[in-house]
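Below is the file model12.txt, which contains compact mmCIF, C-alpha atoms.
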# COMPACT_ATOMS: atom_id res chain seq x y z
CA MET V 1 15.45 24.92 -14.52
CA THR V 2 12.19 24.39 -16.33
CA LEU V 3 9.87 21.48 -15.58
CA ASP V 4 10.66 19.91 -18.92
CA SER V 5 14.42 19.96 -18.42
CA ALA V 6 13.94 18.50 -14.93
CA LEU V 7 11.83 15.71 -16.46
CA ARG V 8 14.52 15.09 -19.08
CA ALA V 9 17.18 14.77 -16.37
CA LEU V 10 14.89 12.43 -14.42
CA GLU V 11 14.26 10.41 -17.58
CA ILE V 12 17.99 9.73 -18.03
CA THR V 13 18.50 8.95 -14.33
CA LEU V 14 15.67 6.43 -14.30
CA ARG V 15 16.50 4.83 -17.66
CA THR V 16 20.12 4.21 -16.69
CA SER V 17 19.33 3.04 -13.13
CA PRO V 18 19.90 -0.68 -12.34
CA PRO V 19 16.16 -1.61 -12.19
CA GLY V 20 15.55 0.32 -15.42
CA VAL V 21 18.36 -1.47 -17.26
CA TRP V 22 17.32 -4.84 -15.80
CA ILE V 23 13.65 -4.71 -16.76
CA ARG V 24 14.40 -3.49 -20.30
CA HIS V 25 16.79 -6.37 -20.96
CA SER V 26 14.88 -9.11 -19.18
CA VAL V 27 12.54 -11.24 -21.31
CA TRP V 28 10.15 -12.19 -18.49
CA GLY V 29 10.75 -9.27 -16.09
CA TRP V 30 8.00 -7.06 -17.45
CA PRO V 31 5.22 -9.72 -17.66
CA VAL V 32 6.08 -11.12 -14.21
CA LEU V 33 6.09 -7.68 -12.57
CA GLU V 34 2.82 -6.85 -14.36
CA SER V 35 1.22 -9.97 -12.88
CA LEU V 36 2.45 -8.94 -9.42
CA HIS V 37 1.13 -5.40 -10.03
CA PHE V 38 -2.35 -6.81 -10.80
CA MET V 39 -2.22 -9.09 -7.71
CA GLY V 40 -1.26 -6.09 -5.57
CA MET V 41 -4.14 -4.13 -7.09
CA SER V 42 -6.62 -6.91 -6.22
CA VAL V 43 -5.36 -7.16 -2.62
CA LEU V 44 -5.50 -3.36 -2.27
CA ILE V 45 -9.14 -3.29 -3.42
CA GLY V 46 -9.98 -6.35 -1.29
CA THR V 47 -8.73 -4.56 1.83
CA ILE V 48 -8.75 -0.76 1.36
CA GLY V 49 -11.53 -0.74 -1.27
CA LEU V 50 -13.85 -2.98 0.75
CA PHE V 51 -13.10 -0.93 3.91
CA ASP V 52 -14.13 2.14 1.85
CA LEU V 53 -17.42 0.39 1.03
CA ARG V 54 -17.91 -0.26 4.78
CA LEU V 55 -17.34 3.47 5.43
CA LEU V 56 -20.10 4.13 2.90
CA GLY V 57 -22.50 1.96 4.91
CA PHE V 58 -22.14 -1.33 3.00
CA ALA V 59 -21.95 -4.64 4.97
CA ARG V 60 -23.55 -3.22 8.12
CA GLY V 61 -22.79 -5.52 11.06
CA VAL V 62 -19.09 -5.83 10.18
CA PRO V 63 -17.29 -4.01 13.06
CA TYR V 64 -15.34 -1.00 11.77
CA ALA V 65 -12.26 -1.57 13.93
CA ALA V 66 -12.14 -5.31 13.12
CA LEU V 67 -12.27 -4.73 9.36
CA HIS V 68 -9.63 -2.01 9.76
CA ARG V 69 -7.20 -4.76 10.85
CA LEU V 70 -6.86 -5.66 7.15
CA ILE V 71 -5.43 -2.22 6.28
CA PRO V 72 -1.79 -3.29 6.93
CA LEU V 73 -2.28 -5.95 4.22
CA GLY V 74 -3.51 -3.17 1.95
CA ILE V 75 -0.42 -1.09 2.75
CA GLY V 76 1.70 -4.13 1.87
CA ALA V 77 -0.11 -4.39 -1.48
CA TYR V 78 0.37 -0.65 -2.04
CA THR V 79 4.11 -1.03 -1.38
CA LEU V 80 4.34 -3.97 -3.80
CA ASN V 81 2.66 -1.85 -6.46
CA LEU V 82 4.83 1.17 -5.74
CA VAL V 83 7.97 -0.96 -6.22
CA THR V 84 6.73 -2.76 -9.35
CA GLY V 85 5.37 0.54 -10.69
CA LEU V 86 8.74 2.25 -10.19
CA CYS V 87 10.34 -0.63 -12.14
CA PHE V 88 7.98 0.04 -15.10
CA LEU V 89 8.68 3.77 -14.83
CA SER V 90 12.45 3.17 -14.78
CA GLY V 91 12.26 0.72 -17.69
CA MET V 92 10.65 3.17 -20.13
CA PRO V 93 10.49 6.56 -18.39
CA ASP V 94 9.80 8.46 -21.62
CA GLN V 95 6.52 6.49 -21.98
CA TYR V 96 5.26 7.76 -18.62
CA LEU V 97 6.73 11.14 -17.71
CA TRP V 98 5.03 12.98 -20.60
CA ASN V 99 1.92 10.78 -20.63
CA PRO V 100 -1.30 12.59 -19.54
CA ALA V 101 -2.80 9.31 -18.23
CA PHE V 102 0.26 8.85 -15.97
CA ARG V 103 -0.09 12.39 -14.63
CA PHE V 104 -3.75 11.71 -13.81
CA LYS V 105 -2.75 8.45 -12.11
CA VAL V 106 -0.15 10.16 -9.90
CA THR V 107 -2.61 12.97 -9.08
CA PHE V 108 -5.28 10.46 -8.01
CA MET V 109 -2.68 8.71 -5.82
CA ALA V 110 -1.77 12.02 -4.19
CA VAL V 111 -5.42 12.86 -3.45
CA ALA V 112 -5.87 9.35 -1.99
CA GLY V 113 -2.84 10.07 0.23
CA LEU V 114 -4.30 13.38 1.48
CA ASN V 115 -7.56 11.55 2.13
CA VAL V 116 -5.66 9.07 4.34
CA LEU V 117 -4.45 12.05 6.42
CA PHE V 118 -8.01 13.37 6.67
CA PHE V 119 -9.33 9.93 7.69
CA TYR V 120 -6.80 9.35 10.47
CA THR V 121 -6.89 12.88 11.90
CA ARG V 122 -10.65 13.51 11.71
CA VAL V 123 -12.56 10.23 11.40
CA PHE V 124 -10.79 7.16 12.71
CA ARG V 125 -10.78 7.68 16.49
CA ARG V 126 -14.53 8.26 16.65
CA LEU V 127 -15.24 5.46 14.17
CA GLU V 128 -13.35 2.88 16.26
CA GLN V 129 -15.81 3.33 19.13
CA LEU V 130 -18.95 2.87 16.99
CA ALA V 131 -21.10 -0.26 17.30
CA PRO V 132 -21.19 -2.45 14.16
CA ASP V 133 -24.80 -1.52 13.45
CA THR V 134 -24.36 2.27 13.78
CA PRO V 135 -24.57 4.00 10.39
CA PRO V 136 -21.26 5.63 9.43
CA PRO V 137 -20.98 9.36 10.22
CA PHE V 138 -20.68 11.92 7.42
CA GLY V 139 -16.88 12.22 7.68
CA ALA V 140 -16.47 8.46 7.28
CA ARG V 141 -18.75 8.41 4.23
CA LEU V 142 -16.79 11.29 2.71
CA ALA V 143 -13.42 9.58 3.29
CA GLY V 144 -14.77 6.28 1.92
CA ALA V 145 -16.23 7.90 -1.20
CA VAL V 146 -13.04 9.88 -1.96
CA SER V 147 -10.81 6.84 -1.42
CA LEU V 148 -12.93 4.53 -3.58
CA ALA V 149 -13.22 7.14 -6.35
CA MET V 150 -9.45 7.74 -6.31
CA TRP V 151 -8.52 4.02 -6.48
CA ILE V 152 -10.97 3.42 -9.32
CA GLY V 153 -9.40 6.50 -10.96
CA VAL V 154 -5.89 5.10 -10.42
CA MET V 155 -6.88 1.78 -12.05
CA SER V 156 -8.63 3.53 -14.95
CA ALA V 157 -5.76 5.93 -15.64
CA GLY V 158 -3.33 3.01 -15.38
CA ARG V 159 -5.28 1.11 -18.03
CA LEU V 160 -5.30 4.21 -20.28
CA LEU V 161 -1.48 4.59 -20.17
CA THR V 162 -0.94 2.62 -23.39
CA PHE V 163 -3.43 4.75 -25.32
CA PHE V 164 -1.61 8.01 -24.52
CA ARG V 165 1.99 6.92 -25.02
CA PRO V 166 4.15 9.62 -26.57
CA PRO V 167 6.39 8.53 -29.48
CA TYR V 168 9.50 6.68 -28.26
CA VAL V 169 12.48 8.94 -27.56
CA MET H 1 -12.41 -22.12 -36.86
CA ASP H 2 -11.02 -19.39 -39.11
CA PRO H 3 -14.33 -18.58 -40.85
CA VAL H 4 -15.94 -18.08 -37.42
CA PHE H 5 -13.12 -15.74 -36.32
CA THR H 6 -13.41 -13.81 -39.58
CA TRP H 7 -17.17 -13.55 -39.19
CA ILE H 8 -16.83 -12.18 -35.62
CA GLU H 9 -14.09 -9.77 -36.66
CA THR H 10 -16.19 -8.31 -39.47
CA THR H 11 -19.29 -7.63 -37.32
CA SER H 12 -19.91 -3.92 -36.76
CA LEU H 13 -19.53 -4.36 -32.97
CA SER H 14 -16.08 -5.94 -33.37
CA ILE H 15 -14.95 -3.26 -35.82
CA TRP H 16 -16.29 -0.45 -33.61
CA LEU H 17 -14.54 -1.87 -30.52
CA ARG H 18 -11.20 -2.09 -32.37
CA GLU H 19 -11.26 0.90 -34.64
CA SER H 20 -13.27 3.59 -32.87
CA PRO H 21 -10.99 6.42 -31.70
CA SER H 22 -13.38 6.92 -28.73
CA LEU H 23 -12.10 6.12 -25.24
CA TRP H 24 -15.58 4.65 -24.65
CA ALA H 25 -14.81 1.80 -27.06
CA PHE H 26 -11.90 -0.60 -26.39
CA PRO H 27 -10.18 1.45 -23.60
CA PHE H 28 -13.38 1.68 -21.52
CA VAL H 29 -14.06 -2.07 -21.85
CA LEU H 30 -10.48 -2.70 -20.69
CA ILE H 31 -11.04 -0.40 -17.67
CA LEU H 32 -14.24 -2.28 -16.74
CA HIS H 33 -12.38 -5.60 -17.02
CA THR H 34 -9.64 -4.33 -14.66
CA VAL H 35 -11.96 -2.77 -12.06
CA GLY H 36 -14.15 -5.89 -12.15
CA LEU H 37 -11.07 -8.06 -11.60
CA ALA H 38 -10.05 -6.01 -8.55
CA PHE H 39 -13.47 -6.38 -6.87
CA LEU H 40 -13.90 -10.04 -7.88
CA VAL H 41 -10.48 -11.14 -6.63
CA GLY H 42 -10.49 -8.56 -3.80
CA SER H 43 -13.66 -10.06 -2.29
CA ASN H 44 -12.08 -13.51 -2.48
CA VAL H 45 -8.94 -12.17 -0.78
CA LEU H 46 -10.97 -10.67 2.07
CA VAL H 47 -12.85 -13.91 2.81
CA ASP H 48 -9.72 -16.08 2.37
CA VAL H 49 -7.47 -14.04 4.70
CA ARG H 50 -10.25 -13.90 7.33
CA VAL H 51 -10.51 -17.71 7.23
CA LEU H 52 -6.70 -17.91 7.43
CA GLY H 53 -6.83 -15.96 10.71
CA MET H 54 -6.54 -12.24 9.92
CA ALA H 55 -9.09 -9.71 11.29
CA ARG H 56 -10.65 -12.26 13.65
CA GLY H 57 -13.03 -9.59 14.94
CA VAL H 58 -14.96 -9.79 11.65
CA PRO H 59 -17.80 -12.29 12.35
CA LEU H 60 -17.72 -15.25 9.94
CA ARG H 61 -21.47 -14.94 9.32
CA THR H 62 -20.97 -11.40 7.93
CA LEU H 63 -18.62 -12.65 5.18
CA GLU H 64 -21.60 -13.65 3.02
CA ARG H 65 -22.31 -9.90 2.60
CA TYR H 66 -19.33 -9.73 0.25
CA GLY H 67 -20.96 -12.22 -2.13
CA VAL H 68 -22.78 -9.39 -3.92
CA VAL H 69 -19.47 -7.54 -4.53
CA MET H 70 -17.80 -10.75 -5.72
CA TRP H 71 -20.58 -11.63 -8.16
CA SER H 72 -20.90 -8.02 -9.39
CA GLY H 73 -17.20 -8.12 -10.25
CA PHE H 74 -17.64 -11.51 -11.89
CA TRP H 75 -20.57 -10.48 -14.13
CA LEU H 76 -18.91 -7.18 -15.03
CA ASN H 77 -15.92 -9.22 -16.20
CA ALA H 78 -17.99 -11.87 -17.95
CA VAL H 79 -19.63 -9.13 -20.06
CA SER H 80 -16.49 -7.03 -20.61
CA GLY H 81 -14.53 -10.23 -21.31
CA VAL H 82 -16.97 -11.29 -24.03
CA LEU H 83 -16.60 -7.80 -25.58
CA LEU H 84 -12.79 -8.11 -25.56
CA LEU H 85 -13.20 -11.53 -27.17
CA ILE H 86 -15.48 -10.07 -29.86
CA ALA H 87 -12.82 -7.43 -30.58
CA TYR H 88 -9.95 -9.96 -30.90
CA PRO H 89 -11.34 -13.52 -31.20
CA THR H 90 -8.32 -15.06 -32.99
CA LYS H 91 -5.82 -13.65 -30.49
CA ALA H 92 -7.46 -15.32 -27.45
CA LEU H 93 -9.08 -18.44 -28.91
CA THR H 94 -5.89 -19.69 -30.59
CA ASN H 95 -3.92 -19.33 -27.32
CA PRO H 96 -4.09 -22.41 -25.03
CA LEU H 97 -3.30 -20.14 -22.06
CA PHE H 98 -6.69 -18.44 -22.53
CA PHE H 99 -8.41 -21.73 -21.70
CA VAL H 100 -6.09 -22.23 -18.71
CA LYS H 101 -7.27 -18.80 -17.49
CA LEU H 102 -10.95 -19.77 -17.93
CA ALA H 103 -10.35 -23.05 -16.06
CA LEU H 104 -8.64 -21.21 -13.17
CA ILE H 105 -11.60 -18.81 -12.93
CA ALA H 106 -14.02 -21.77 -12.83
CA ILE H 107 -11.95 -23.46 -10.09
CA GLY H 108 -11.76 -20.18 -8.13
CA LEU H 109 -15.54 -19.72 -8.27
CA GLY H 110 -16.03 -23.37 -7.25
CA MET H 111 -13.75 -22.87 -4.23
CA TRP H 112 -15.66 -19.70 -3.23
CA THR H 113 -18.94 -21.66 -3.28
CA LYS H 114 -17.43 -24.58 -1.36
CA LEU H 115 -15.86 -22.29 1.25
CA ARG H 116 -19.21 -20.53 1.81
CA ALA H 117 -20.99 -23.88 2.19
CA ARG H 118 -18.40 -25.15 4.70
CA LEU H 119 -18.54 -21.88 6.68
CA SER H 120 -22.32 -22.10 7.04
CA ALA H 121 -22.07 -25.80 8.02
CA LEU H 122 -19.64 -25.17 10.92
CA PRO H 123 -20.82 -26.97 14.08
CA VAL H 124 -19.87 -23.88 16.13
CA PRO H 125 -21.02 -20.80 14.10
CA GLU H 126 -18.28 -18.34 15.21
CA ALA H 127 -15.63 -20.94 16.08
CA PRO H 128 -12.38 -19.23 17.19
CA VAL H 129 -10.33 -22.04 15.66
CA LEU H 130 -11.21 -23.16 12.15
CA PRO H 131 -10.60 -26.68 10.78
CA PRO H 132 -7.31 -27.05 8.83
CA ARG H 133 -9.24 -28.25 5.77
CA LEU H 134 -11.09 -24.93 5.66
CA LYS H 135 -7.83 -22.99 5.89
CA ALA H 136 -6.28 -25.15 3.17
CA LEU H 137 -9.24 -24.30 0.92
CA ALA H 138 -8.76 -20.57 1.58
CA ALA H 139 -5.03 -20.83 0.81
CA ALA H 140 -5.76 -22.80 -2.38
CA SER H 141 -8.26 -20.11 -3.41
CA LEU H 142 -5.60 -17.37 -3.06
CA ILE H 143 -3.12 -19.39 -5.14
CA CYS H 144 -5.78 -20.07 -7.78
CA TRP H 145 -6.66 -16.38 -8.21
CA ALA H 146 -2.97 -15.41 -8.33
CA ALA H 147 -2.48 -18.01 -11.08
CA GLY H 148 -5.58 -16.76 -12.92
CA ILE H 149 -4.25 -13.18 -12.87
CA THR H 150 -0.86 -14.37 -14.13
CA ALA H 151 -2.47 -16.36 -16.96
CA GLY H 152 -4.55 -13.32 -17.91
CA ARG H 153 -1.57 -10.96 -17.94
CA LEU H 154 0.53 -13.36 -19.98
CA LEU H 155 -2.14 -13.43 -22.72
CA ALA H 156 -0.69 -10.10 -23.88
CA TYR H 157 2.71 -11.77 -24.43
CA THR H 158 1.97 -15.33 -25.55
CA TYR H 159 -0.51 -15.05 -28.42
CA SER H 160 0.67 -16.57 -31.67
CA ARG H 161 -2.00 -15.48 -34.16
CA LEU H 162 -3.49 -12.12 -34.91
CA THR H 163 -5.66 -11.47 -37.97
CA VAL H 164 -6.38 -7.80 -37.19
CA ASP H 165 -4.19 -4.94 -36.00
CA LEU H 166 -3.66 -4.44 -32.27
CA ILE H 167 -4.37 -1.06 -30.71
CA GLY H 168 -2.91 0.47 -27.58

How would this structure read if it were set down as structure tokens?
Amino acid sequence: MTLDSALRALEITLRTSPPGVWIRHSVWGWPVLESLHFMGMSVLIGTIGLFDLRLLGFARGVPYAALHRLIPLGIGAYTLNLVTGLCFLSGMPDQYLWNPAFRFKVTFMAVAGLNVLFFYTRVFRRLEQLAPDTPPPFGARLAGAVSLAMWIGVMSAGRLLTFFRPPYV
Amino acid sequence: MDPVFTWIETTSLSIWLRESPSLWAFPFVLILHTVGLAFLVGSNVLVDVRVLGMARGVPLRTLERYGVVMWSGFWLNAVSGVLLLIAYPTKALTNPLFFVKLALIAIGLGMWTKLRARLSALPVPEAPVLPPRLKALAAASLICWAAGITAGRLLAYTYSRLTVDLIG
């Protein structure tokens, strides 16, 4: 099975799924979910994005471990955006699956995910012990820079989706 | 107002923003407006949830450090917002919801300033328990930004007049 035929099968599955059918037929579904998607984005940047800035050395004096307590809120926001995002994808799968901006967005999300693994296996335990005024070590700066770049990339690619839409199937 | 809209829409900046095939025209301005929103509202979220009792290990006095992120996001969006307005003046300025959005932003910024002032005026600087009025202000700020985002998103669905073609 080629990639394209797999994508075509996925397109039909998503389009005929209950959330896909619901969002296409609902008048306010799409705008309401979009608003939630933008709220989730803001909360994600306000927690994960600002923690990334701390890893880069910004806001010295804010204890690393204390600020890290906001990460669960960021994971909640990520989950909200995954669910609302899957609703958009199911509503009009043909507008996403062959869209280069969508492929960039998913790639940036995957790199951000690998970076999370790197952060928790190589950086976090040592970082937790550091005093609030200690400059972040190299590994922390690297993880912060990659994460911030990926989330800005995810937002940018998301905004570019409408400019790369393939013709409607 | 129509002659004013027409004048704005026929300036070379407005035409370039709308009609240039470059991603550095309208799409890039839209990206700036989105990233700016995330940092503007994100900074508000961080301060508000800290006041509401999350991440208590973050000293209250350090919250003022996030002011520079908040205002950077705000000015980025003020500039990118004016550019979006120059591209499509009729679309936004004939929609009452656009003015609701502006009012919500003004209220949100006012609450940020008030919250900062009340935090620095606390009788006990790092008080473990914060006054209910302060928490109510933080909760109101979160609701205000959520409403502002909703108003902004709905602008794409509620406009009634368009004198130039939409792109994207």

task: Have a look at CA of Gly81 in chain H and CA of Trp151 in chain V and let me know their distance in Å, one decimal.
output: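 Between CA of Gly81 in chain H and CA of Trp151 in chain V the gap is 21.4 Å.
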
query: If we count all atoms listed in the file, what is near range 16-31 of chain V at a cut-off of 6 Å, once residues fewer than 4 positions away on the same chain are taken out, given as a list of chain:residue names?
result: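 Skipping anything fewer than 4 positions along the chain leaves V:Cys87, V:Ser90, V:Gly91.
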
Based on the selection just made, write C-alpha atoms of those residues as a CSV table (one decimal), in the frame of the given file.
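The result, stored in again_32.csv:
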chain,number,residue,atom,x,y,z
V,87,CYS,CA,10.3,-0.6,-12.1
V,90,SER,CA,12.4,3.2,-14.8
V,91,GLY,CA,12.3,0.7,-17.7

field: Coordinates-based distance that separates CA of Gly113 in chain V from CA of Gly46 in chain V (Å, one decimal)
entry: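 Pair CA of Gly46 in chain V / CA of Gly113 in chain V returns 18.0 Å.
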
Proximity of chain V to chain H: per-residue shortest pair, 9 Å limit, all atoms listed in the file, as a tab-separated table:
residue	atom	partner	partner_atom	distance
V:Pro31	CA	H:Leu154	CA	6.4
V:Val32	CA	H:Thr150	CA	7.7
V:Glu34	CA	H:Arg153	CA	7.0
V:Ser35	CA	H:Thr150	CA	5.0
V:Leu36	CA	H:Thr150	CA	7.9
V:Phe38	CA	H:Ile149	CA	7.0
V:Met39	CA	H:Ala146	CA	6.4
V:Met41	CA	H:Ala38	CA	6.4
V:Ser42	CA	H:Ala38	CA	4.2
V:Val43	CA	H:Gly42	CA	5.4
V:Leu44	CA	H:Gly42	CA	7.4
V:Ile45	CA	H:Gly42	CA	5.5
V:Gly46	CA	H:Gly42	CA	3.4
V:Thr47	CA	H:Leu46	CA	6.5
V:Gly49	CA	H:Phe39	CA	8.2
V:Leu50	CA	H:Ser43	CA	7.7
V:Phe58	CA	H:Arg65	CA	8.6
V:Ala59	CA	H:Arg65	CA	5.8
V:Arg60	CA	H:Thr62	CA	8.6
V:Gly61	CA	H:Thr62	CA	6.9
V:Val62	CA	H:Val58	CA	5.9
V:Pro63	CA	H:Val58	CA	6.4
V:Tyr64	CA	H:Val58	CA	8.8
V:Ala65	CA	H:Gly57	CA	8.1
V:Ala66	CA	H:Gly57	CA	4.7
V:Leu67	CA	H:Val58	CA	6.2
V:His68	CA	H:Ala55	CA	7.9
V:Arg69	CA	H:Ala55	CA	5.3
V:Leu70	CA	H:Ala55	CA	6.2
V:Ile152	CA	H:Val35	CA	6.8
V:Met155	CA	H:Val35	CA	6.8
V:Ser156	CA	H:Ile31	CA	5.4
V:Ala157	CA	H:Ile31	CA	8.5
V:Gly158	CA	H:Ile31	CA	8.7
V:Arg159	CA	H:Ile31	CA	6.0
V:Leu160	CA	H:Pro27	CA	6.5
V:Leu161	CA	H:Gly168	CA	8.6
V:Thr162	CA	H:Gly168	CA	5.1
V:Phe163	CA	H:Gly168	CA	4.9
V:Phe164	CA	H:Gly168	CA	8.2
V:Arg165	CA	H:Gly168	CA	8.5

Any chance you could export the current selection's C-alpha atoms as a PDB file, keeping the file's coordinate frame?
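The file below, again_37.pdb, is the result:
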ATOM      1  CA  PRO V  31       5.220  -9.720 -17.660  1.00  0.00           C
ATOM      2  CA  VAL V  32       6.080 -11.120 -14.210  1.00  0.00           C
ATOM      3  CA  GLU V  34       2.820  -6.850 -14.360  1.00  0.00           C
ATOM      4  CA  SER V  35       1.220  -9.970 -12.880  1.00  0.00           C
ATOM      5  CA  LEU V  36       2.450  -8.940  -9.420  1.00  0.00           C
ATOM      6  CA  PHE V  38      -2.350  -6.810 -10.800  1.00  0.00           C
ATOM      7  CA  MET V  39      -2.220  -9.090  -7.710  1.00  0.00           C
ATOM      8  CA  MET V  41      -4.140  -4.130  -7.090  1.00  0.00           C
ATOM      9  CA  SER V  42      -6.620  -6.910  -6.220  1.00  0.00           C
ATOM     10  CA  VAL V  43      -5.360  -7.160  -2.620  1.00  0.00           C
ATOM     11  CA  LEU V  44      -5.500  -3.360  -2.270  1.00  0.00           C
ATOM     12  CA  ILE V  45      -9.140  -3.290  -3.420  1.00  0.00           C
ATOM     13  CA  GLY V  46      -9.980  -6.350  -1.290  1.00  0.00           C
ATOM     14  CA  THR V  47      -8.730  -4.560   1.830  1.00  0.00           C
ATOM     15  CA  GLY V  49     -11.530  -0.740  -1.270  1.00  0.00           C
ATOM     16  CA  LEU V  50     -13.850  -2.980   0.750  1.00  0.00           C
ATOM     17  CA  PHE V  58     -22.140  -1.330   3.000  1.00  0.00           C
ATOM     18  CA  ALA V  59     -21.950  -4.640   4.970  1.00  0.00           C
ATOM     19  CA  ARG V  60     -23.550  -3.220   8.120  1.00  0.00           C
ATOM     20  CA  GLY V  61     -22.790  -5.520  11.060  1.00  0.00           C
ATOM     21  CA  VAL V  62     -19.090  -5.830  10.180  1.00  0.00           C
ATOM     22  CA  PRO V  63     -17.290  -4.010  13.060  1.00  0.00           C
ATOM     23  CA  TYR V  64     -15.340  -1.000  11.770  1.00  0.00           C
ATOM     24  CA  ALA V  65     -12.260  -1.570  13.930  1.00  0.00           C
ATOM     25  CA  ALA V  66     -12.140  -5.310  13.120  1.00  0.00           C
ATOM     26  CA  LEU V  67     -12.270  -4.730   9.360  1.00  0.00           C
ATOM     27  CA  HIS V  68      -9.630  -2.010   9.760  1.00  0.00           C
ATOM     28  CA  ARG V  69      -7.200  -4.760  10.850  1.00  0.00           C
ATOM     29  CA  LEU V  70      -6.860  -5.660   7.150  1.00  0.00           C
ATOM     30  CA  ILE V 152     -10.970   3.420  -9.320  1.00  0.00           C
ATOM     31  CA  MET V 155      -6.880   1.780 -12.050  1.00  0.00           C
ATOM     32  CA  SER V 156      -8.630   3.530 -14.950  1.00  0.00           C
ATOM     33  CA  ALA V 157      -5.760   5.930 -15.640  1.00  0.00           C
ATOM     34  CA  GLY V 158      -3.330   3.010 -15.380  1.00  0.00           C
ATOM     35  CA  ARG V 159      -5.280   1.110 -18.030  1.00  0.00           C
ATOM     36  CA  LEU V 160      -5.300   4.210 -20.280  1.00  0.00           C
ATOM     37  CA  LEU V 161      -1.480   4.590 -20.170  1.00  0.00           C
ATOM     38  CA  THR V 162      -0.940   2.620 -23.390  1.00  0.00           C
ATOM     39  CA  PHE V 163      -3.430   4.750 -25.320  1.00  0.00           C
ATOM     40  CA  PHE V 164      -1.610   8.010 -24.520  1.00  0.00           C
ATOM     41  CA  ARG V 165       1.990   6.920 -25.020  1.00  0.00           C
TER      42      ARG V 165
END

task: Compile the contact shell of Phe5 in chain H as a list in words: residues with an atom at most 9 Å away, counting all atoms listed in the file, same-chain residues fewer than 6 positions apart removed.
output: Ile86, Tyr88, Pro89, Thr90, Leu93 and Thr163 of chain H

message: Using only C-alpha atoms for the distances, tell me which of V:Asp94, V:Asp52, V:Glu11, V:Asp133 is nearest to Phe119 in chain V.
response: V:Asp52

field: 8 Å contact set for Thr94 in chain H, only C-alpha atoms, chain neighbours under 2 positions out, as a PyMOL selection string
entry: chain H and resi 90-92+96+159-161

- request: Return the single residue from H:Asp48, H:Ser80, H:Ile107, H:Pro123 that is closest to Lys135 in chain H, with distances computed using all atoms listed in the file.
  value: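 Closest residue, counting all atoms listed in the file: H:Asp48.
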
- prompt: Between V:Leu117, V:Val106, V:Leu14, V:Ala140, which one has atoms that come closest to Arg54 in chain V, using only C-alpha atoms?
  reply: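 Distance minimum relative to Arg54 in chain V lands on V:Ala140.
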
Length of the CA of Pro137 in chain V to CA of Gly57 in chain V vector [Å]: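 Separation between CA of Pro137 in chain V and CA of Gly57 in chain V: 9.2 Å.
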
message: Under the rule that all atoms listed in the file are counted, which of V:Gly139, V:Thr107, V:Gly74, V:Asn99 is the nearest residue to Tyr120 in chain V?
response: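 Under the stated criterion, the closest residue is V:Gly139.
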
message: Which residues are near Ala106 in chain H? Cut-off 12 Å, only C-alpha atoms, ignore same chain within fewer than 2 positions. Put them as a PyMOL selection string.
response: chain H and resi 74+78+99-104+108-113+141+144-145+148
